[in-house]
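model_39.pdb, holding PDB, C-alpha atoms, pLDDT in the B column:
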ATOM      1  CA  MET A1021     -10.936   1.000  18.079  1.00 40.00           C
ATOM      2  CA  PHE A1022     -12.192  -1.278  15.348  1.00 37.00           C
ATOM      3  CA  PRO A1023     -15.165   0.066  13.339  1.00 38.00           C
ATOM      4  CA  LYS A1024     -17.850  -2.236  12.029  1.00 35.00           C
ATOM      5  CA  ILE A1025     -18.430  -2.854   8.343  1.00 36.00           C
ATOM      6  CA  GLU A1026     -21.950  -2.138   7.277  1.00 36.00           C
ATOM      7  CA  GLY A1027     -23.627  -4.259   4.601  1.00 36.00           C
ATOM      8  CA  ASN A1028     -24.089  -1.538   2.008  1.00 38.00           C
ATOM      9  CA  GLY A1029     -23.250  -3.294  -1.247  1.00 36.00           C
ATOM     10  CA  SER A1030     -19.571  -2.278  -1.159  1.00 38.00           C
ATOM     11  CA  PRO A1031     -16.876  -4.695  -2.399  1.00 40.00           C
ATOM     12  CA  ILE A1032     -16.617  -6.135   1.120  1.00 40.00           C
ATOM     13  CA  ARG A1033     -19.558  -7.564   2.971  1.00 44.00           C
ATOM     14  CA  GLY A1034     -18.849  -7.658   6.701  1.00 45.00           C
ATOM     15  CA  LYS A1035     -20.378  -9.722   9.461  1.00 45.00           C
ATOM     16  CA  THR A1036     -19.344 -10.319  13.023  1.00 45.00           C
ATOM     17  CA  VAL A1037     -18.318 -13.933  13.506  1.00 47.00           C
ATOM     18  CA  SER A1038     -19.047 -15.623  16.802  1.00 46.00           C
ATOM     19  CA  PRO A1039     -15.852 -15.343  18.833  1.00 41.00           C
ATOM     20  CA  GLY A1040     -16.550 -18.702  20.422  1.00 44.00           C
ATOM     21  CA  ALA A1041     -16.722 -20.399  17.049  1.00 45.00           C
ATOM     22  CA  MET A1042     -13.779 -18.525  15.573  1.00 45.00           C
ATOM     23  CA  VAL A1043     -11.221 -19.041  18.318  1.00 43.00           C
ATOM     24  CA  SER A1044     -12.501 -22.325  19.739  1.00 44.00           C
ATOM     25  CA  GLY A1045      -9.587 -24.344  21.031  1.00 46.00           C
ATOM     26  CA  LEU A1046      -7.064 -21.519  20.763  1.00 44.00           C
ATOM     27  CA  ARG A1047      -7.357 -20.256  24.325  1.00 42.00           C
ATOM     28  CA  GLN A1048      -4.183 -22.000  25.393  1.00 43.00           C
ATOM     29  CA  LEU A1049      -2.211 -20.190  22.686  1.00 45.00           C
ATOM     30  CA  VAL A1050      -2.757 -16.776  24.266  1.00 45.00           C
ATOM     31  CA  ARG A1051      -2.901 -17.513  28.003  1.00 41.00           C
ATOM     32  CA  PRO A1052      -1.598 -20.163  30.394  1.00 43.00           C
ATOM     33  CA  ALA A1053      -3.675 -23.309  29.956  1.00 42.00           C
ATOM     34  CA  THR A1054      -5.367 -25.153  32.777  1.00 43.00           C
ATOM     35  CA  LYS A1055      -5.575 -28.918  32.838  1.00 47.00           C
ATOM     36  CA  ALA A1056      -9.225 -28.749  31.736  1.00 47.00           C
ATOM     37  CA  ASP A1057      -8.211 -26.822  28.603  1.00 64.00           C
ATOM     38  CA  GLU A1058      -5.801 -29.506  27.454  1.00 81.00           C
ATOM     39  CA  ILE A1059      -8.252 -31.899  25.825  1.00 90.00           C
ATOM     40  CA  CYS A1060      -8.878 -32.969  22.263  1.00 88.00           C
ATOM     41  CA  ASP A1061     -11.877 -31.120  20.816  1.00 88.00           C
ATOM     42  CA  LEU A1062     -13.022 -34.322  19.092  1.00 88.00           C
ATOM     43  CA  CYS A1063     -12.459 -37.179  21.570  1.00 89.00           C
ATOM     44  CA  GLU A1064     -11.917 -35.115  24.763  1.00 88.00           C
ATOM     45  CA  LEU A1065      -8.798 -37.060  25.741  1.00 89.00           C
ATOM     46  CA  PRO A1066      -5.918 -35.059  27.276  1.00 91.00           C
ATOM     47  CA  ILE A1067      -3.463 -33.464  24.838  1.00 86.00           C
ATOM     48  CA  PRO A1068      -0.116 -31.691  25.417  1.00 87.00           C
ATOM     49  CA  PRO A1069       0.211 -27.896  25.031  1.00 82.00           C
ATOM     50  CA  LYS A1070       1.999 -28.466  21.705  1.00 80.00           C
ATOM     51  CA  HIS A1071      -0.548 -30.334  19.586  1.00 81.00           C
ATOM     52  CA  ARG A1072      -1.983 -30.626  16.068  1.00 80.00           C
ATOM     53  CA  HIS A1073      -4.859 -28.629  14.607  1.00 82.00           C
ATOM     54  CA  LEU A1074      -7.527 -29.325  12.007  1.00 84.00           C
ATOM     55  CA  LEU A1075      -9.569 -26.755  10.124  1.00 79.00           C
ATOM     56  CA  HIS A1076     -13.327 -27.304   9.975  1.00 82.00           C
ATOM     57  CA  LEU A1077     -13.923 -26.246   6.384  1.00 76.00           C
ATOM     58  CA  GLU A1078     -17.597 -25.280   6.518  1.00 78.00           C
ATOM     59  CA  GLU A1079     -17.407 -23.404   9.828  1.00 76.00           C
ATOM     60  CA  ARG A1080     -13.871 -22.087   9.208  1.00 70.00           C
ATOM     61  CA  ARG A1081     -13.048 -23.085  12.777  1.00 77.00           C
ATOM     62  CA  ILE A1082      -9.783 -24.348  14.246  1.00 78.00           C
ATOM     63  CA  VAL A1083     -10.028 -27.648  16.138  1.00 84.00           C
ATOM     64  CA  CYS A1084      -7.348 -28.807  18.604  1.00 85.00           C
ATOM     65  CA  VAL A1085      -6.811 -32.554  18.306  1.00 86.00           C
ATOM     66  CA  CYS A1086      -4.755 -35.426  19.661  1.00 89.00           C
ATOM     67  CA  ALA A1087      -2.358 -37.334  17.384  1.00 86.00           C
ATOM     68  CA  THR A1088      -4.860 -40.166  16.894  1.00 87.00           C
ATOM     69  CA  CYS A1089      -7.754 -37.910  15.873  1.00 87.00           C
ATOM     70  CA  TRP A1090      -5.442 -35.929  13.606  1.00 83.00           C
ATOM     71  CA  ALA A1091      -4.435 -39.129  11.798  1.00 84.00           C
ATOM     72  CA  ILE A1092      -7.977 -40.535  11.606  1.00 82.00           C
ATOM     73  CA  ARG A1093      -9.973 -37.379  10.859  1.00 84.00           C
ATOM     74  CA  SER A1094      -7.560 -35.586   8.503  1.00 76.00           C
ATOM     75  CA  GLY A1095      -9.195 -37.398   5.594  1.00 75.00           C
ATOM     76  CA  ASP A1096     -12.745 -36.484   6.561  1.00 81.00           C
ATOM     77  CA  ALA A1097     -14.605 -34.279   4.100  1.00 79.00           C
ATOM     78  CA  GLU A1098     -15.291 -31.552   6.671  1.00 83.00           C
ATOM     79  CA  TYR A1099     -11.740 -31.318   8.049  1.00 81.00           C
ATOM     80  CA  ARG A1100      -8.339 -30.458   6.669  1.00 80.00           C
ATOM     81  CA  PRO A1101      -4.952 -30.265   8.407  1.00 79.00           C
ATOM     82  CA  THR A1102      -3.643 -26.725   8.736  1.00 77.00           C
ATOM     83  CA  GLY A1103      -0.537 -25.777   6.800  1.00 70.00           C
ATOM     84  CA  ASN A1104       3.024 -25.841   8.072  1.00 79.00           C
ATOM     85  CA  ARG A1105       4.710 -23.174   5.927  1.00 89.00           C
ATOM     86  CA  THR A1106       5.747 -19.803   7.337  1.00 93.00           C
ATOM     87  CA  ALA A1107       7.264 -17.337   4.861  1.00 94.00           C
ATOM     88  CA  TRP A1108       8.247 -13.776   5.701  1.00 96.00           C
ATOM     89  CA  LEU A1109       7.513 -11.565   2.669  1.00 96.00           C
ATOM     90  CA  GLU A1110      10.209  -8.916   2.822  1.00 93.00           C
ATOM     91  CA  ASP A1111       9.577  -7.508  -0.683  1.00 94.00           C
ATOM     92  CA  PHE A1112       5.789  -7.809  -0.729  1.00 96.00           C
ATOM     93  CA  ASN A1113       4.154  -5.145  -2.898  1.00 97.00           C
ATOM     94  CA  LEU A1114       0.845  -3.688  -1.704  1.00 96.00           C
ATOM     95  CA  PRO A1115       0.401  -0.090  -2.909  1.00 95.00           C
ATOM     96  CA  GLY A1116      -1.768   2.194  -0.839  1.00 93.00           C
ATOM     97  CA  ASP A1117      -4.444   2.599  -3.516  1.00 93.00           C
ATOM     98  CA  LEU A1118      -4.773  -1.171  -3.932  1.00 93.00           C
ATOM     99  CA  TRP A1119      -4.984  -1.643  -0.175  1.00 92.00           C
ATOM    100  CA  ALA A1120      -7.726   1.004  -0.038  1.00 89.00           C
ATOM    101  CA  SER A1121      -9.708  -0.907  -2.689  1.00 87.00           C
ATOM    102  CA  PHE A1122     -10.007  -3.848  -0.289  1.00 87.00           C
ATOM    103  CA  GLN A1123     -11.891  -1.510   2.102  1.00 83.00           C
ATOM    104  CA  VAL A1124     -10.627  -3.310   5.183  1.00 83.00           C
ATOM    105  CA  PRO A1125     -11.188  -0.727   7.952  1.00 79.00           C
ATOM    106  CA  ILE A1126      -8.028  -1.511   9.957  1.00 81.00           C
ATOM    107  CA  GLY A1127      -4.441  -2.427   9.192  1.00 85.00           C
ATOM    108  CA  LEU A1128      -4.422  -5.843  10.862  1.00 90.00           C
ATOM    109  CA  CYS A1129      -5.960  -8.733   8.932  1.00 91.00           C
ATOM    110  CA  PHE A1130      -5.411 -11.947   7.001  1.00 93.00           C
ATOM    111  CA  PHE A1131      -6.661 -13.304   3.669  1.00 93.00           C
ATOM    112  CA  PHE A1132      -7.071 -16.908   2.553  1.00 90.00           C
ATOM    113  CA  ASN A1133      -8.729 -18.874  -0.227  1.00 87.00           C
ATOM    114  CA  SER A1134     -11.822 -20.642   1.091  1.00 83.00           C
ATOM    115  CA  GLY A1135     -12.670 -23.847  -0.732  1.00 80.00           C
ATOM    116  CA  SER A1136     -16.127 -24.064   0.843  1.00 76.00           C
ATOM    117  CA  VAL A1137     -17.300 -20.812  -0.795  1.00 79.00           C
ATOM    118  CA  ASN A1138     -14.758 -20.764  -3.666  1.00 81.00           C
ATOM    119  CA  SER A1139     -13.749 -17.218  -2.834  1.00 83.00           C
ATOM    120  CA  VAL A1140     -11.127 -15.146  -1.040  1.00 87.00           C
ATOM    121  CA  ILE A1141     -11.974 -14.418   2.580  1.00 87.00           C
ATOM    122  CA  GLY A1142     -10.560 -11.590   4.678  1.00 88.00           C
ATOM    123  CA  MET A1143     -10.632 -11.576   8.474  1.00 87.00           C
ATOM    124  CA  TYR A1144      -9.778  -8.789  10.890  1.00 85.00           C
ATOM    125  CA  PRO A1145      -9.697  -9.176  14.682  1.00 84.00           C
ATOM    126  CA  SER A1146     -11.598  -7.180  17.268  1.00 78.00           C
ATOM    127  CA  PRO A1147     -12.086  -7.403  21.051  1.00 81.00           C
ATOM    128  CA  ALA A1148     -15.299  -9.365  20.386  1.00 77.00           C
ATOM    129  CA  GLY A1149     -13.741 -11.914  18.063  1.00 78.00           C
ATOM    130  CA  ALA A1150     -13.368 -11.554  14.298  1.00 75.00           C
ATOM    131  CA  THR A1151     -15.135  -9.864  11.413  1.00 81.00           C
ATOM    132  CA  GLU A1152     -15.262 -11.724   8.121  1.00 80.00           C
ATOM    133  CA  CYS A1153     -14.980  -9.883   4.815  1.00 74.00           C
ATOM    134  CA  GLU A1154     -15.721 -11.426   1.436  1.00 63.00           C
ATOM    135  CA  LEU A1155     -13.675  -9.714  -1.256  1.00 69.00           C
ATOM    136  CA  TYR A1156     -14.176  -9.019  -4.924  1.00 68.00           C
ATOM    137  CA  LEU A1157     -11.698 -11.111  -6.866  1.00 76.00           C
ATOM    138  CA  GLU A1158     -10.465  -8.272  -9.084  1.00 86.00           C
ATOM    139  CA  ALA A1159      -8.420  -6.640  -6.322  1.00 89.00           C
ATOM    140  CA  TRP A1160      -7.076 -10.016  -5.212  1.00 91.00           C
ATOM    141  CA  GLU A1161      -6.057 -10.901  -8.781  1.00 92.00           C
ATOM    142  CA  GLU A1162      -4.209  -7.608  -9.075  1.00 94.00           C
ATOM    143  CA  LEU A1163      -2.436  -8.321  -5.790  1.00 95.00           C
ATOM    144  CA  LYS A1164      -1.385 -11.741  -7.106  1.00 94.00           C
ATOM    145  CA  GLU A1165       0.007 -10.160 -10.284  1.00 96.00           C
ATOM    146  CA  LEU A1166       2.175  -7.902  -8.124  1.00 97.00           C
ATOM    147  CA  ASN A1167       3.156 -10.776  -5.825  1.00 97.00           C
ATOM    148  CA  PRO A1168       3.356 -14.107  -7.713  1.00 95.00           C
ATOM    149  CA  ILE A1169       4.055 -15.989  -4.454  1.00 94.00           C
ATOM    150  CA  LEU A1170       0.320 -15.745  -3.733  1.00 94.00           C
ATOM    151  CA  GLU A1171      -0.340 -18.099  -6.638  1.00 92.00           C
ATOM    152  CA  ASP A1172       1.008 -20.876  -4.414  1.00 89.00           C
ATOM    153  CA  LEU A1173      -1.148 -20.005  -1.390  1.00 91.00           C
ATOM    154  CA  GLU A1174      -2.761 -23.322  -0.445  1.00 90.00           C
ATOM    155  CA  THR A1175      -6.558 -23.218  -0.223  1.00 88.00           C
ATOM    156  CA  ASP A1176      -7.936 -23.163   3.339  1.00 86.00           C
ATOM    157  CA  ILE A1177      -4.706 -24.063   5.105  1.00 86.00           C
ATOM    158  CA  GLU A1178      -2.488 -21.011   4.447  1.00 92.00           C
ATOM    159  CA  ALA A1179      -3.165 -17.302   4.947  1.00 93.00           C
ATOM    160  CA  LEU A1180      -1.602 -14.022   3.914  1.00 96.00           C
ATOM    161  CA  MET A1181      -0.931 -12.074   7.130  1.00 96.00           C
ATOM    162  CA  ILE A1182      -0.977  -8.264   6.899  1.00 96.00           C
ATOM    163  CA  ASN A1183       0.169  -5.798   9.550  1.00 95.00           C
ATOM    164  CA  ARG A1184      -0.083  -2.259   8.244  1.00 92.00           C
ATOM    165  CA  LEU A1185      -0.117  -0.887  11.780  1.00 88.00           C
ATOM    166  CA  SER A1186       3.670  -1.255  11.813  1.00 91.00           C
ATOM    167  CA  ASP A1187       6.139   1.006  10.052  1.00 90.00           C
ATOM    168  CA  PRO A1188       7.112  -0.358   7.598  1.00 93.00           C
ATOM    169  CA  PRO A1189       4.162  -2.714   7.011  1.00 95.00           C
ATOM    170  CA  GLN A1190       4.742  -6.418   7.621  1.00 96.00           C
ATOM    171  CA  TYR A1191       3.566  -9.355   5.513  1.00 97.00           C
ATOM    172  CA  ALA A1192       3.870 -13.113   5.863  1.00 97.00           C
ATOM    173  CA  ILE A1193       2.340 -16.396   4.773  1.00 96.00           C
ATOM    174  CA  ALA A1194       1.371 -18.548   7.756  1.00 93.00           C
ATOM    175  CA  PRO A1195      -0.696 -21.651   8.555  1.00 90.00           C
ATOM    176  CA  THR A1196      -4.344 -20.879   9.228  1.00 87.00           C
ATOM    177  CA  ASP A1197      -4.126 -21.936  12.867  1.00 85.00           C
ATOM    178  CA  ARG A1198      -1.452 -19.270  13.371  1.00 87.00           C
ATOM    179  CA  ALA A1199      -3.676 -16.785  11.560  1.00 88.00           C
ATOM    180  CA  TYR A1200      -6.605 -17.478  13.875  1.00 85.00           C
ATOM    181  CA  GLU A1201      -4.219 -17.249  16.818  1.00 86.00           C
ATOM    182  CA  LEU A1202      -4.004 -13.521  16.077  1.00 90.00           C
ATOM    183  CA  VAL A1203      -7.753 -13.267  16.680  1.00 85.00           C
ATOM    184  CA  GLY A1204      -7.290 -14.896  20.082  1.00 86.00           C
ATOM    185  CA  ILE A1205      -4.420 -12.560  20.966  1.00 88.00           C
ATOM    186  CA  VAL A1206      -6.460  -9.446  20.221  1.00 86.00           C
ATOM    187  CA  LYS A1207      -9.446 -10.763  22.172  1.00 84.00           C
ATOM    188  CA  ALA A1208      -7.308 -11.734  25.182  1.00 85.00           C
ATOM    189  CA  LYS A1209      -5.076  -8.638  25.324  1.00 84.00           C
ATOM    190  CA  TRP A1210      -7.549  -5.862  24.455  1.00 81.00           C
ATOM    191  CA  GLU A1211      -7.946  -3.193  27.132  1.00 82.00           C
ATOM    192  CA  GLY A1212      -9.912   0.053  27.194  1.00 79.00           C
ATOM    193  CA  ILE A1213     -11.135   1.842  24.089  1.00 77.00           C
ATOM    194  CA  SER A1214      -8.136   1.614  21.781  1.00 74.00           C
ATOM    195  CA  GLY A1215      -6.613  -1.719  22.837  1.00 77.00           C
ATOM    196  CA  GLY A1216      -3.836  -0.532  25.119  1.00 81.00           C
ATOM    197  CA  ALA A1217      -0.084  -0.928  25.316  1.00 85.00           C
ATOM    198  CA  GLU A1218      -0.187  -4.642  26.130  1.00 86.00           C
ATOM    199  CA  LEU A1219      -2.073  -5.375  22.907  1.00 85.00           C
ATOM    200  CA  LYS A1220       0.481  -3.403  20.893  1.00 87.00           C
ATOM    201  CA  LYS A1221       3.319  -5.409  22.466  1.00 91.00           C
ATOM    202  CA  ALA A1222       1.500  -8.705  21.873  1.00 91.00           C
ATOM    203  CA  VAL A1223       0.904  -7.951  18.173  1.00 92.00           C
ATOM    204  CA  GLU A1224       4.540  -6.909  17.721  1.00 94.00           C
ATOM    205  CA  ALA A1225       5.689 -10.130  19.423  1.00 95.00           C
ATOM    206  CA  TYR A1226       3.341 -12.186  17.256  1.00 94.00           C
ATOM    207  CA  PHE A1227       4.792 -10.841  13.999  1.00 96.00           C
ATOM    208  CA  ASP A1228       8.345 -11.092  15.365  1.00 95.00           C
ATOM    209  CA  ASP A1229       7.627 -14.772  16.010  1.00 93.00           C
ATOM    210  CA  LEU A1230       6.369 -15.235  12.439  1.00 94.00           C
ATOM    211  CA  ARG A1231       9.584 -13.687  11.152  1.00 94.00           C
ATOM    212  CA  LEU A1232      11.680 -16.055  13.274  1.00 93.00           C
ATOM    213  CA  ALA A1233       9.586 -19.085  12.289  1.00 90.00           C
ATOM    214  CA  SER A1234      10.159 -18.315   8.615  1.00 91.00           C
ATOM    215  CA  LYS A1235      13.922 -18.686   9.140  1.00 79.00           C
ATOM    216  CA  VAL A1236      13.737 -22.171  10.607  1.00 59.00           C
ATOM    217  CA  PRO A1237      15.292 -24.673   8.136  1.00 51.00           C
TER     218      PRO A1237
END
Here is the file; what I need is its structure written in the form of C-alpha cells.
Amino acid sequence: MFPKIEGNGSPIRGKTVSPGAMVSGLRQLVRPATKADEICDLCELPIPPKHRHLLHLEERRIVCVCATCWAIRSGDAEYRPTGNRTAWLEDFNLPGDLWASFQVPIGLCFFFNSGSVNSVIGMYPSPAGATECELYLEAWEELKELNPILEDLETDIEALMINRLSDPPQYAIAPTDRAYELVGIVKAKWEGISGGAELKKAVEAYFDDLRLASKVP
C-alpha cells in the first residue's frame, strides 16, 4: 500500500491532493462513460469521448473541453493546452542512489516543471487520489545532466513518467493529461490493501500504451 509522506523538513514535502480536483474530468478515461459524463467542463455542452484537454495552471487540474472552448480558452492566463509528445525513454539513466535522494515512497510517479510555483513537482497516485511532492532542485539537476532529454521537457504540459515497479524500470515523457490519467487508473482499479491483480494489469497496460504511442509517426 502507499505510505504517506510526513512534513518533516525532508527534501520532499508531501500533501494529499483532493482526488476530485486532481482527476476532475478524467473519469471517462478509466471507465465506460455515461452520457452525463460527456460534457465540456467549461460550457457544459456535450463532447465526444475523444476530446481536448486544458491544464488549469494554478490548480494543476485537467479540464475536459469542447473544440470551441479549447480554441477560445487556450490563450487564457489560467489555462494551457496539454502537450502532445509521447517519447519512450529506453536508455534513461536513473541510478538507485539518485532515485533514493528523491525520497518518493513508491515506484510509480511523474515529475513536471510547474510554471505557477517555478519548481519541479512530483506526483504519486494512491487509492484516494494523488500526493504531491515538491522536490529540491539539486537532485533534478543531476538527473537532467544524466539525461539531457529532460532539458526539453515543456513546462506544465509534459511530464516524466516513472514506473520502477516493473523489471526493468520504465520511463517515458507524456502529456500531462496522460500523466494525470494514471492517477485516475489507480483510484478506479484499486482493490483491497495492496491494490490487487487488476491494478497491476491496468498499470502494465497503461505503460504498454505509452510505449506504443511513442512509435506513432
What's the 7 Å shell around segment 1105-1112 of chain A, counting all atoms listed in the file, without same-chain residues fewer than 5 positions away, as a PDB file with C-alpha atoms, in the frame of the given file?
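This is the output file selection29.pdb:
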ATOM      1  CA  ASN A1167       3.156 -10.776  -5.825  1.00 97.00           C
ATOM      2  CA  TYR A1191       3.566  -9.355   5.513  1.00 97.00           C
ATOM      3  CA  ALA A1192       3.870 -13.113   5.863  1.00 97.00           C
ATOM      4  CA  ILE A1193       2.340 -16.396   4.773  1.00 96.00           C
ATOM      5  CA  ALA A1194       1.371 -18.548   7.756  1.00 93.00           C
ATOM      6  CA  PRO A1195      -0.696 -21.651   8.555  1.00 90.00           C
ATOM      7  CA  LEU A1230       6.369 -15.235  12.439  1.00 94.00           C
ATOM      8  CA  ARG A1231       9.584 -13.687  11.152  1.00 94.00           C
ATOM      9  CA  ALA A1233       9.586 -19.085  12.289  1.00 90.00           C
ATOM     10  CA  SER A1234      10.159 -18.315   8.615  1.00 91.00           C
TER      11      SER A1234
END
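Compared by their closest atoms to Gly1212 of chain A, and using all atoms listed in the file, the residues A:Asp1187, A:Gly1116, A:Phe1132, A:Pro1147 rank with A:Pro1147 nearest.
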Inset, instruction - Evaluate the PyMOL selection byres ((chain A and resi 1226) around 12) and record the selected residues as an NGL selection string, following the chain and residue labels used in the document. - result: :A and (1049-1050 or 1128 or 1181-1183 or 1190 or 1192 or 1194 or 1198-1206 or 1219-1225 or 1227-1233)
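Our summary of the geometry notes that atom CA of Glu1078 of chain A is positioned 11.5 Å from atom CA of Asn1138 of chain A.
Distance-wise, atom CA of Glu1079 of chain A and atom CA of Met1143 of chain A end up 13.7 Å apart.
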Inset, instruction - Find the residues around Ala1097 of chain A up to 12 Å (all atoms listed in the file counted), leave out those fewer than 3 positions away in its own chain, and share them as a PyMOL selection string. - result: chain A and resi 1074-1078+1092-1094+1100-1101+1135-1136
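In terms of minimum interatomic distance to Ala1208 of chain A, A:Gly1149 ranks closest within A:Gly1127, A:Gly1149, A:Pro1068, A:Pro1168, counting all atoms listed in the file.
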Contacts of Gly1103 of chain A at 9 Å (all atoms listed in the file; same-chain gap of 6+ positions) as a PDB file with C-alpha atoms, in the coordinates of the input:
ATOM      1  CA  GLU A1174      -2.761 -23.322  -0.445  1.00 90.00           C
ATOM      2  CA  ASP A1176      -7.936 -23.163   3.339  1.00 86.00           C
ATOM      3  CA  ILE A1177      -4.706 -24.063   5.105  1.00 86.00           C
ATOM      4  CA  GLU A1178      -2.488 -21.011   4.447  1.00 92.00           C
ATOM      5  CA  ALA A1194       1.371 -18.548   7.756  1.00 93.00           C
ATOM      6  CA  PRO A1195      -0.696 -21.651   8.555  1.00 90.00           C
ATOM      7  CA  THR A1196      -4.344 -20.879   9.228  1.00 87.00           C
ATOM      8  CA  ASP A1197      -4.126 -21.936  12.867  1.00 85.00           C
TER       9      ASP A1197
END
Legend entry - For atom CA of Ala1120 of chain A and atom CA of Ser1214 of chain A, the interatomic separation in Å (one decimal): 21.8 Å
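Compared by their closest atoms to Gly1142 of chain A, and using only C-alpha atoms, the residues A:Arg1080, A:Pro1066, A:Cys1086, A:Ser1186 rank with A:Arg1080 nearest.
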Selection under test: the PyMOL selection byres ((chain A and resi 1159-1161) around 12); residues as a PDB file with C-alpha atoms, in the frame of the given file:
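For reference, expr_25.pdb as written:
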ATOM      1  CA  PRO A1031     -16.876  -4.695  -2.399  1.00 40.00           C
ATOM      2  CA  ILE A1032     -16.617  -6.135   1.120  1.00 40.00           C
ATOM      3  CA  LEU A1114       0.845  -3.688  -1.704  1.00 96.00           C
ATOM      4  CA  PRO A1115       0.401  -0.090  -2.909  1.00 95.00           C
ATOM      5  CA  ASP A1117      -4.444   2.599  -3.516  1.00 93.00           C
ATOM      6  CA  LEU A1118      -4.773  -1.171  -3.932  1.00 93.00           C
ATOM      7  CA  TRP A1119      -4.984  -1.643  -0.175  1.00 92.00           C
ATOM      8  CA  ALA A1120      -7.726   1.004  -0.038  1.00 89.00           C
ATOM      9  CA  SER A1121      -9.708  -0.907  -2.689  1.00 87.00           C
ATOM     10  CA  PHE A1122     -10.007  -3.848  -0.289  1.00 87.00           C
ATOM     11  CA  GLN A1123     -11.891  -1.510   2.102  1.00 83.00           C
ATOM     12  CA  PHE A1131      -6.661 -13.304   3.669  1.00 93.00           C
ATOM     13  CA  PHE A1132      -7.071 -16.908   2.553  1.00 90.00           C
ATOM     14  CA  ASN A1133      -8.729 -18.874  -0.227  1.00 87.00           C
ATOM     15  CA  SER A1139     -13.749 -17.218  -2.834  1.00 83.00           C
ATOM     16  CA  VAL A1140     -11.127 -15.146  -1.040  1.00 87.00           C
ATOM     17  CA  ILE A1141     -11.974 -14.418   2.580  1.00 87.00           C
ATOM     18  CA  GLY A1142     -10.560 -11.590   4.678  1.00 88.00           C
ATOM     19  CA  GLU A1154     -15.721 -11.426   1.436  1.00 63.00           C
ATOM     20  CA  LEU A1155     -13.675  -9.714  -1.256  1.00 69.00           C
ATOM     21  CA  TYR A1156     -14.176  -9.019  -4.924  1.00 68.00           C
ATOM     22  CA  LEU A1157     -11.698 -11.111  -6.866  1.00 76.00           C
ATOM     23  CA  GLU A1158     -10.465  -8.272  -9.084  1.00 86.00           C
ATOM     24  CA  GLU A1162      -4.209  -7.608  -9.075  1.00 94.00           C
ATOM     25  CA  LEU A1163      -2.436  -8.321  -5.790  1.00 95.00           C
ATOM     26  CA  LYS A1164      -1.385 -11.741  -7.106  1.00 94.00           C
ATOM     27  CA  GLU A1165       0.007 -10.160 -10.284  1.00 96.00           C
ATOM     28  CA  LEU A1166       2.175  -7.902  -8.124  1.00 97.00           C
ATOM     29  CA  ASN A1167       3.156 -10.776  -5.825  1.00 97.00           C
ATOM     30  CA  PRO A1168       3.356 -14.107  -7.713  1.00 95.00           C
ATOM     31  CA  LEU A1170       0.320 -15.745  -3.733  1.00 94.00           C
ATOM     32  CA  GLU A1171      -0.340 -18.099  -6.638  1.00 92.00           C
ATOM     33  CA  LEU A1180      -1.602 -14.022   3.914  1.00 96.00           C
TER      34      LEU A1180
END
Test item: the PyMOL selection byres ((chain A and resi 1089) around 12) resolved as a PDB file with C-alpha atoms, keeping the file's coordinate frame:
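File result_13.pdb, as written:
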ATOM      1  CA  ILE A1059      -8.252 -31.899  25.825  1.00 90.00           C
ATOM      2  CA  CYS A1060      -8.878 -32.969  22.263  1.00 88.00           C
ATOM      3  CA  ASP A1061     -11.877 -31.120  20.816  1.00 88.00           C
ATOM      4  CA  LEU A1062     -13.022 -34.322  19.092  1.00 88.00           C
ATOM      5  CA  CYS A1063     -12.459 -37.179  21.570  1.00 89.00           C
ATOM      6  CA  GLU A1064     -11.917 -35.115  24.763  1.00 88.00           C
ATOM      7  CA  LEU A1065      -8.798 -37.060  25.741  1.00 89.00           C
ATOM      8  CA  PRO A1066      -5.918 -35.059  27.276  1.00 91.00           C
ATOM      9  CA  ILE A1067      -3.463 -33.464  24.838  1.00 86.00           C
ATOM     10  CA  HIS A1071      -0.548 -30.334  19.586  1.00 81.00           C
ATOM     11  CA  ARG A1072      -1.983 -30.626  16.068  1.00 80.00           C
ATOM     12  CA  HIS A1073      -4.859 -28.629  14.607  1.00 82.00           C
ATOM     13  CA  LEU A1074      -7.527 -29.325  12.007  1.00 84.00           C
ATOM     14  CA  VAL A1083     -10.028 -27.648  16.138  1.00 84.00           C
ATOM     15  CA  CYS A1084      -7.348 -28.807  18.604  1.00 85.00           C
ATOM     16  CA  VAL A1085      -6.811 -32.554  18.306  1.00 86.00           C
ATOM     17  CA  CYS A1086      -4.755 -35.426  19.661  1.00 89.00           C
ATOM     18  CA  ALA A1087      -2.358 -37.334  17.384  1.00 86.00           C
ATOM     19  CA  THR A1088      -4.860 -40.166  16.894  1.00 87.00           C
ATOM     20  CA  TRP A1090      -5.442 -35.929  13.606  1.00 83.00           C
ATOM     21  CA  ALA A1091      -4.435 -39.129  11.798  1.00 84.00           C
ATOM     22  CA  ILE A1092      -7.977 -40.535  11.606  1.00 82.00           C
ATOM     23  CA  ARG A1093      -9.973 -37.379  10.859  1.00 84.00           C
ATOM     24  CA  SER A1094      -7.560 -35.586   8.503  1.00 76.00           C
ATOM     25  CA  GLY A1095      -9.195 -37.398   5.594  1.00 75.00           C
ATOM     26  CA  ASP A1096     -12.745 -36.484   6.561  1.00 81.00           C
ATOM     27  CA  TYR A1099     -11.740 -31.318   8.049  1.00 81.00           C
ATOM     28  CA  ARG A1100      -8.339 -30.458   6.669  1.00 80.00           C
ATOM     29  CA  PRO A1101      -4.952 -30.265   8.407  1.00 79.00           C
TER      30      PRO A1101
END
What are the centre and edge lengths in Å, to one decimal, of the axis-aligned box around all listed atoms of segment 1106-1112 of chain A with 6 Å added on each side, as AutoDock Vina command-line options?
--center_x 8.0 --center_y -13.7 --center_z 3.3 --size_x 16.5 --size_y 24.3 --size_z 20.1
